[in-house]
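Quick look at my_file11.tsv (TSV, C-alpha atoms):
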```
chain	number	residue	atom	x	y	z
D	1	MET	CA	1.04	-7.09	-0.11
D	2	MET	CA	4.13	-6.98	-2.31
D	3	LYS	CA	4.57	-9.82	-4.80
D	4	ILE	CA	7.52	-10.99	-6.89
D	5	LYS	CA	7.63	-12.00	-10.57
D	6	VAL	CA	10.72	-13.34	-12.34
D	7	LEU	CA	10.88	-12.90	-16.10
D	8	LYS	CA	13.40	-14.07	-18.66
D	9	ILE	CA	14.28	-11.79	-21.57
D	10	ARG	CA	16.11	-13.77	-24.21
D	11	ILE	CA	18.56	-11.85	-26.40
D	12	ALA	CA	18.04	-13.93	-29.56
D	13	ASP	CA	16.01	-11.94	-32.11
D	14	GLU	CA	13.36	-14.63	-32.49
D	15	PHE	CA	12.43	-14.35	-28.78
D	16	LEU	CA	13.19	-10.72	-27.94
D	17	ARG	CA	9.93	-9.20	-29.25
D	18	GLU	CA	7.78	-11.88	-27.62
D	19	ASP	CA	9.57	-11.48	-24.27
D	20	GLN	CA	9.36	-7.70	-24.54
D	21	ARG	CA	5.60	-7.89	-25.21
D	22	GLU	CA	5.17	-10.07	-22.13
D	23	ILE	CA	7.07	-7.65	-19.90
D	24	ASP	CA	5.29	-4.58	-21.36
D	25	HIS	CA	1.93	-6.24	-20.64
D	26	PHE	CA	3.01	-7.07	-17.10
D	27	LEU	CA	4.30	-3.52	-16.48
D	28	GLU	CA	1.01	-2.05	-17.71
D	29	HIS	CA	-1.05	-4.07	-15.24
D	30	HIS	CA	1.09	-3.89	-12.12
D	31	GLU	CA	2.58	-1.20	-9.92
D	32	ILE	CA	6.33	-1.92	-9.92
D	33	ILE	CA	8.03	-1.17	-6.63
D	34	LYS	CA	11.56	-2.32	-7.42
D	35	THR	CA	13.46	-4.18	-10.14
D	36	GLU	CA	16.61	-6.27	-10.15
D	37	THR	CA	18.32	-7.58	-13.25
D	38	ALA	CA	21.14	-9.97	-14.02
D	39	PHE	CA	22.58	-11.10	-17.31
D	40	VAL	CA	23.04	-14.86	-17.62
D	41	HIS	CA	26.00	-15.18	-20.00
D	42	ASP	CA	25.96	-18.95	-20.65
D	43	GLU	CA	22.36	-18.83	-21.85
D	44	GLN	CA	22.32	-15.23	-23.17
D	45	PHE	CA	19.28	-13.84	-21.38
D	46	TRP	CA	18.34	-11.19	-18.84
D	47	SER	CA	16.82	-12.43	-15.63
D	48	VAL	CA	14.43	-9.77	-14.36
D	49	VAL	CA	13.00	-9.75	-10.86
D	50	LEU	CA	10.01	-7.43	-10.42
D	51	TYR	CA	8.65	-6.56	-6.99
D	52	PHE	CA	5.11	-5.35	-7.50
D	53	ASN	CA	1.60	-4.66	-6.29
D	54	ASP	CA	-1.43	-5.43	-8.40
D	55	ILE	CA	-2.70	-2.11	-9.77
D	56	GLU	CA	-6.29	-2.91	-8.72
D	57	SER	CA	-5.34	-3.44	-5.07
D	58	ALA	CA	-2.90	-0.51	-5.15
D	59	VAL	CA	-5.57	1.78	-6.64
D	60	ASN	CA	-8.23	0.59	-4.18
D	61	LYS	CA	-5.92	1.28	-1.23
D	62	THR	CA	-5.00	4.67	-2.63
D	63	ILE	CA	-8.63	5.68	-3.21
D	64	VAL	CA	-9.37	5.06	0.46
D	65	LYS	CA	-6.62	7.37	1.66
D	66	ASP	CA	-6.41	9.83	-1.26
D	67	SER	CA	-9.27	11.00	-3.45
D	68	LYS	CA	-6.94	12.09	-6.28
D	69	ALA	CA	-5.71	8.54	-6.90
D	70	VAL	CA	-6.27	8.69	-10.65
D	71	LYS	CA	-2.83	8.94	-12.20
D	72	TYR	CA	-2.19	10.99	-15.32
D	73	SER	CA	-1.58	8.90	-18.41
D	74	ALA	CA	-1.42	10.33	-21.93
D	75	ASP	CA	-2.70	7.87	-24.53
D	76	ASP	CA	-1.04	8.51	-27.88
D	77	GLU	CA	-2.52	11.99	-27.84
D	78	MET	CA	-1.18	14.38	-30.45
D	79	LEU	CA	1.81	16.21	-29.07
D	80	ASN	CA	2.32	19.86	-29.82
D	81	GLU	CA	5.73	21.07	-31.01
D	82	ASP	CA	7.06	21.77	-27.50
D	83	GLU	CA	5.86	18.42	-26.17
D	84	ALA	CA	7.46	16.63	-29.13
D	85	LYS	CA	10.80	18.34	-28.36
D	86	ILE	CA	10.50	17.29	-24.71
D	87	LEU	CA	9.68	13.73	-25.75
D	88	ASP	CA	12.70	13.58	-28.07
D	89	ALA	CA	14.98	14.86	-25.29
D	90	LEU	CA	13.51	12.33	-22.83
D	91	LYS	CA	13.98	9.45	-25.29
D	92	LEU	CA	17.60	10.45	-25.90
D	93	TRP	CA	18.23	10.60	-22.14
D	94	ARG	CA	16.51	7.22	-21.68
D	95	SER	CA	18.68	5.59	-24.37
D	96	GLU	CA	21.86	6.90	-22.73
D	97	LYS	CA	20.67	5.74	-19.27
D	98	ALA	CA	19.78	2.28	-20.61
D	99	ARG	CA	23.21	1.97	-22.26
D	100	GLU	CA	25.00	3.12	-19.08
D	101	GLN	CA	23.06	0.68	-16.90
D	102	ASN	CA	23.04	-2.11	-19.49
D	103	LEU	CA	19.24	-2.32	-19.34
D	104	PRO	CA	16.46	-2.36	-21.94
D	105	THR	CA	15.08	1.19	-22.42
D	106	TYR	CA	11.60	0.29	-21.15
D	107	PHE	CA	13.15	-0.50	-17.75
D	108	ILE	CA	14.04	3.17	-17.43
D	109	ALA	CA	10.63	4.38	-18.66
D	110	THR	CA	8.11	3.24	-21.25
D	111	ASN	CA	7.18	5.40	-24.25
D	112	LYS	CA	3.75	5.96	-22.70
D	113	GLU	CA	5.36	7.22	-19.47
D	114	LEU	CA	7.61	9.61	-21.41
D	115	VAL	CA	4.64	10.91	-23.46
D	116	SER	CA	2.78	11.48	-20.18
D	117	VAL	CA	5.75	13.43	-18.76
D	118	ALA	CA	5.96	15.55	-21.94
D	119	LYS	CA	2.24	16.41	-21.77
D	120	TYR	CA	1.91	16.80	-17.98
D	121	LYS	CA	5.22	18.68	-17.50
D	122	PRO	CA	5.76	18.08	-13.77
D	123	ALA	CA	7.86	20.76	-12.06
D	124	LYS	CA	8.56	18.89	-8.79
D	125	LYS	CA	9.41	15.30	-7.91
D	126	GLU	CA	6.08	14.95	-6.06
D	127	GLU	CA	4.23	15.76	-9.30
D	128	LEU	CA	5.93	12.79	-11.00
D	129	LEU	CA	3.91	10.59	-8.62
D	130	ASP	CA	0.79	11.80	-10.45
D	131	ILE	CA	1.98	10.12	-13.65
D	132	LYS	CA	1.03	6.49	-14.19
D	133	GLY	CA	4.13	4.29	-14.05
D	134	PHE	CA	6.11	6.57	-11.74
D	135	GLY	CA	6.57	5.16	-8.27
D	136	LYS	CA	9.00	5.94	-5.49
D	137	HIS	CA	11.79	3.79	-6.96
D	138	LYS	CA	11.67	5.34	-10.45
D	139	ILE	CA	11.46	8.86	-9.05
D	140	GLU	CA	14.40	8.29	-6.68
D	141	ASN	CA	16.51	6.94	-9.54
D	142	TYR	CA	15.53	9.28	-12.37
D	143	GLY	CA	13.33	12.09	-11.04
D	144	GLU	CA	16.01	14.80	-10.81
D	145	GLU	CA	17.29	14.12	-14.32
D	146	ILE	CA	13.79	14.10	-15.82
D	147	LEU	CA	12.96	17.43	-14.16
D	148	GLU	CA	16.27	18.91	-15.42
D	149	ILE	CA	15.38	17.85	-18.98
D	150	LEU	CA	11.95	19.46	-18.64
D	151	GLU	CA	13.56	22.72	-17.47
D	152	SER	CA	16.20	22.74	-20.21
D	153	VAL	CA	13.99	22.02	-23.25
```

Spell out the structure here as structure tokens.
Amino acid sequence: MMKIKVLKIRIADEFLREDQREIDHFLEHHEIIKTETAFVHDEQFWSVVLYFNDIESAVNKTIVKDSKAVKYSADDEMLNEDEAKILDALKLWRSEKAREQNLPTYFIATNKELVSVAKYKPAKKEELLDIKGFGKHKIENYGEEILEILESV
């Protein structure tokens, strides 16, 4: 069953890191289906609405219908030269996307997700589903561009 979580990301420096840590922790432990954001000008914060499934229940459901439910996730592994170039290109793209959409970069993709893409090198949109953190929403929004970057680097 899909759940909803509303988070507040305050722009003031003294709160930004704390709020970012909270959202990073939440993103790590939940399968995000959809996000909505709004900037509240009078109080200077981002209101973030996350539609999600708990990873445990999502994984359990997936295991029942699909034996290859384990998603690929690269943990701070050493990147070779090619992977490092891919990662740099992905981070540059992510920064531009975040600026265009007026969103924090981790809304586009976390560093861990980009490292996983650089190591796994998916060639098709479907293969992005194998990477932890990539769901239907993220792939619909960014899949084509990510695959183009992988082809061009």

Quick one: residues within 10 Å of D:Glu151, all atoms listed in the file, excluding same-chain residues fewer than 5 positions away - as a PDB file with C-alpha atoms, in the frame of the given file?
```
ATOM      1  CA  ILE D  86      10.500  17.290 -24.710  1.00  0.00           C
ATOM      2  CA  LYS D 121       5.220  18.680 -17.500  1.00  0.00           C
ATOM      3  CA  PRO D 122       5.760  18.080 -13.770  1.00  0.00           C
ATOM      4  CA  ALA D 123       7.860  20.760 -12.060  1.00  0.00           C
ATOM      5  CA  GLU D 145      17.290  14.120 -14.320  1.00  0.00           C
ATOM      6  CA  ILE D 146      13.790  14.100 -15.820  1.00  0.00           C
TER       7      ILE D 146
END
```

(request) Calculate how many Å separate atom CA of D:Ile11 from atom CA of D:Asn102, rounding to one decimal. (result) 12.8 Å

(message) Residues within 12 Å of stretch 25-28 of chain D, please, as a ChimeraX atom specification. Count only C-alpha atoms; anything in the same chain fewer than 3 positions from it doesn't count.
(response) /D:4-7,18-22,31-35,50-56,73,106-113,132-134

Any idea what's packed within 8 Å of D:Leu114, counting only C-alpha atoms, ignoring anything in its chain fewer than 6 positions away? Could you give it as a PDB file with C-alpha atoms, in the frame of the given file?
```
ATOM      1  CA  LEU D  87       9.680  13.730 -25.750  1.00  0.00           C
ATOM      2  CA  LEU D  90      13.510  12.330 -22.830  1.00  0.00           C
ATOM      3  CA  LYS D  91      13.980   9.450 -25.290  1.00  0.00           C
TER       4      LYS D  91
END
```

(message) To one decimal place in Å, what is the distance between atom CA of D:Gly143 and atom CA of D:Trp93?
(response) 12.2 Å

Hey, could you patch up stretch 23-59 of chain D with N, CA and C atoms and hand it over as an mmCIF file, keeping the file's coordinate frame?
```cif
data_model
loop_
_atom_site.group_PDB
_atom_site.id
_atom_site.type_symbol
_atom_site.label_atom_id
_atom_site.label_comp_id
_atom_site.auth_asym_id
_atom_site.auth_seq_id
_atom_site.Cartn_x
_atom_site.Cartn_y
_atom_site.Cartn_z
ATOM 1 N N ILE D 23 6.688 -8.554 -20.987
ATOM 2 C CA ILE D 23 7.070 -7.650 -19.900
ATOM 3 C C ILE D 23 6.296 -6.337 -19.993
ATOM 4 N N ASP D 24 6.079 -5.816 -21.195
ATOM 5 C CA ASP D 24 5.290 -4.580 -21.360
ATOM 6 C C ASP D 24 3.882 -4.787 -20.804
ATOM 7 N N HIS D 25 3.279 -5.919 -21.132
ATOM 8 C CA HIS D 25 1.930 -6.240 -20.640
ATOM 9 C C HIS D 25 1.926 -6.301 -19.116
ATOM 10 N N PHE D 26 2.925 -6.949 -18.550
ATOM 11 C CA PHE D 26 3.010 -7.070 -17.100
ATOM 12 C C PHE D 26 3.165 -5.697 -16.454
ATOM 13 N N LEU D 27 4.047 -4.856 -17.036
ATOM 14 C CA LEU D 27 4.300 -3.520 -16.480
ATOM 15 C C LEU D 27 3.047 -2.649 -16.527
ATOM 16 N N GLU D 28 2.233 -2.830 -17.574
ATOM 17 C CA GLU D 28 1.010 -2.050 -17.710
ATOM 18 C C GLU D 28 -0.013 -2.368 -16.630
ATOM 19 N N HIS D 29 -0.005 -3.608 -16.147
ATOM 20 C CA HIS D 29 -1.050 -4.070 -15.240
ATOM 21 C C HIS D 29 -0.611 -4.209 -13.791
ATOM 22 N N HIS D 30 0.597 -3.778 -13.489
ATOM 23 C CA HIS D 30 1.090 -3.890 -12.120
ATOM 24 C C HIS D 30 1.855 -2.646 -11.721
ATOM 25 N N GLU D 31 1.821 -2.336 -10.451
ATOM 26 C CA GLU D 31 2.580 -1.200 -9.920
ATOM 27 C C GLU D 31 3.938 -1.766 -9.478
ATOM 28 N N ILE D 32 4.997 -1.397 -10.201
ATOM 29 C CA ILE D 32 6.330 -1.920 -9.920
ATOM 30 C C ILE D 32 6.954 -1.110 -8.788
ATOM 31 N N ILE D 33 7.425 -1.818 -7.782
ATOM 32 C CA ILE D 33 8.030 -1.170 -6.630
ATOM 33 C C ILE D 33 9.548 -1.128 -6.795
ATOM 34 N N LYS D 34 10.107 -2.209 -7.309
ATOM 35 C CA LYS D 34 11.560 -2.320 -7.420
ATOM 36 C C LYS D 34 11.883 -3.354 -8.492
ATOM 37 N N THR D 35 13.029 -3.184 -9.163
ATOM 38 C CA THR D 35 13.460 -4.180 -10.140
ATOM 39 C C THR D 35 14.903 -4.576 -9.863
ATOM 40 N N GLU D 36 15.226 -5.799 -10.206
ATOM 41 C CA GLU D 36 16.610 -6.270 -10.150
ATOM 42 C C GLU D 36 16.839 -7.030 -11.443
ATOM 43 N N THR D 37 18.022 -6.867 -12.018
ATOM 44 C CA THR D 37 18.320 -7.580 -13.250
ATOM 45 C C THR D 37 19.689 -8.236 -13.151
ATOM 46 N N ALA D 38 19.841 -9.302 -13.912
ATOM 47 C CA ALA D 38 21.140 -9.970 -14.020
ATOM 48 C C ALA D 38 21.219 -10.573 -15.407
ATOM 49 N N PHE D 39 22.395 -10.505 -15.988
ATOM 50 C CA PHE D 39 22.580 -11.100 -17.310
ATOM 51 C C PHE D 39 23.185 -12.484 -17.122
ATOM 52 N N VAL D 40 22.541 -13.488 -17.711
ATOM 53 C CA VAL D 40 23.040 -14.860 -17.620
ATOM 54 C C VAL D 40 23.804 -15.145 -18.911
ATOM 55 N N HIS D 41 25.143 -15.089 -18.812
ATOM 56 C CA HIS D 41 26.000 -15.180 -20.000
ATOM 57 C C HIS D 41 25.897 -16.523 -20.721
ATOM 58 N N ASP D 42 25.942 -17.642 -19.980
ATOM 59 C CA ASP D 42 25.960 -18.950 -20.650
ATOM 60 C C ASP D 42 24.727 -19.169 -21.520
ATOM 61 N N GLU D 43 23.582 -18.618 -21.072
ATOM 62 C CA GLU D 43 22.360 -18.830 -21.850
ATOM 63 C C GLU D 43 21.898 -17.580 -22.597
ATOM 64 N N GLN D 44 22.625 -16.479 -22.453
ATOM 65 C CA GLN D 44 22.320 -15.230 -23.170
ATOM 66 C C GLN D 44 20.903 -14.721 -22.949
ATOM 67 N N PHE D 45 20.558 -14.458 -21.674
ATOM 68 C CA PHE D 45 19.280 -13.840 -21.380
ATOM 69 C C PHE D 45 19.403 -12.961 -20.141
ATOM 70 N N TRP D 46 18.460 -12.020 -20.035
ATOM 71 C CA TRP D 46 18.340 -11.190 -18.840
ATOM 72 C C TRP D 46 17.361 -11.859 -17.902
ATOM 73 N N SER D 47 17.737 -11.980 -16.667
ATOM 74 C CA SER D 47 16.820 -12.430 -15.630
ATOM 75 C C SER D 47 16.327 -11.149 -14.961
ATOM 76 N N VAL D 48 15.009 -10.994 -14.898
ATOM 77 C CA VAL D 48 14.430 -9.770 -14.360
ATOM 78 C C VAL D 48 13.539 -10.130 -13.179
ATOM 79 N N VAL D 49 13.822 -9.535 -12.040
ATOM 80 C CA VAL D 49 13.000 -9.750 -10.860
ATOM 81 C C VAL D 49 12.212 -8.464 -10.623
ATOM 82 N N LEU D 50 10.882 -8.584 -10.639
ATOM 83 C CA LEU D 50 10.010 -7.430 -10.420
ATOM 84 C C LEU D 50 9.297 -7.596 -9.081
ATOM 85 N N TYR D 51 9.412 -6.595 -8.233
ATOM 86 C CA TYR D 51 8.650 -6.560 -6.990
ATOM 87 C C TYR D 51 7.477 -5.647 -7.272
ATOM 88 N N PHE D 52 6.258 -6.117 -7.034
ATOM 89 C CA PHE D 52 5.110 -5.350 -7.500
ATOM 90 C C PHE D 52 3.899 -5.477 -6.595
ATOM 91 N N ASN D 53 2.948 -4.569 -6.829
ATOM 92 C CA ASN D 53 1.600 -4.660 -6.290
ATOM 93 C C ASN D 53 0.683 -4.748 -7.490
ATOM 94 N N ASP D 54 -0.436 -5.445 -7.340
ATOM 95 C CA ASP D 54 -1.430 -5.430 -8.400
ATOM 96 C C ASP D 54 -2.004 -4.030 -8.451
ATOM 97 N N ILE D 55 -2.192 -3.488 -9.648
ATOM 98 C CA ILE D 55 -2.700 -2.110 -9.770
ATOM 99 C C ILE D 55 -4.074 -1.995 -9.112
ATOM 100 N N GLU D 56 -4.942 -2.988 -9.308
ATOM 101 C CA GLU D 56 -6.290 -2.910 -8.720
ATOM 102 C C GLU D 56 -6.201 -2.712 -7.212
ATOM 103 N N SER D 57 -5.400 -3.562 -6.531
ATOM 104 C CA SER D 57 -5.340 -3.440 -5.070
ATOM 105 C C SER D 57 -4.617 -2.154 -4.674
ATOM 106 N N ALA D 58 -3.610 -1.755 -5.451
ATOM 107 C CA ALA D 58 -2.900 -0.510 -5.150
ATOM 108 C C ALA D 58 -3.847 0.684 -5.309
ATOM 109 N N VAL D 59 -4.638 0.672 -6.393
ATOM 110 C CA VAL D 59 -5.570 1.780 -6.640
ATOM 111 C C VAL D 59 -6.652 1.805 -5.560
#
```
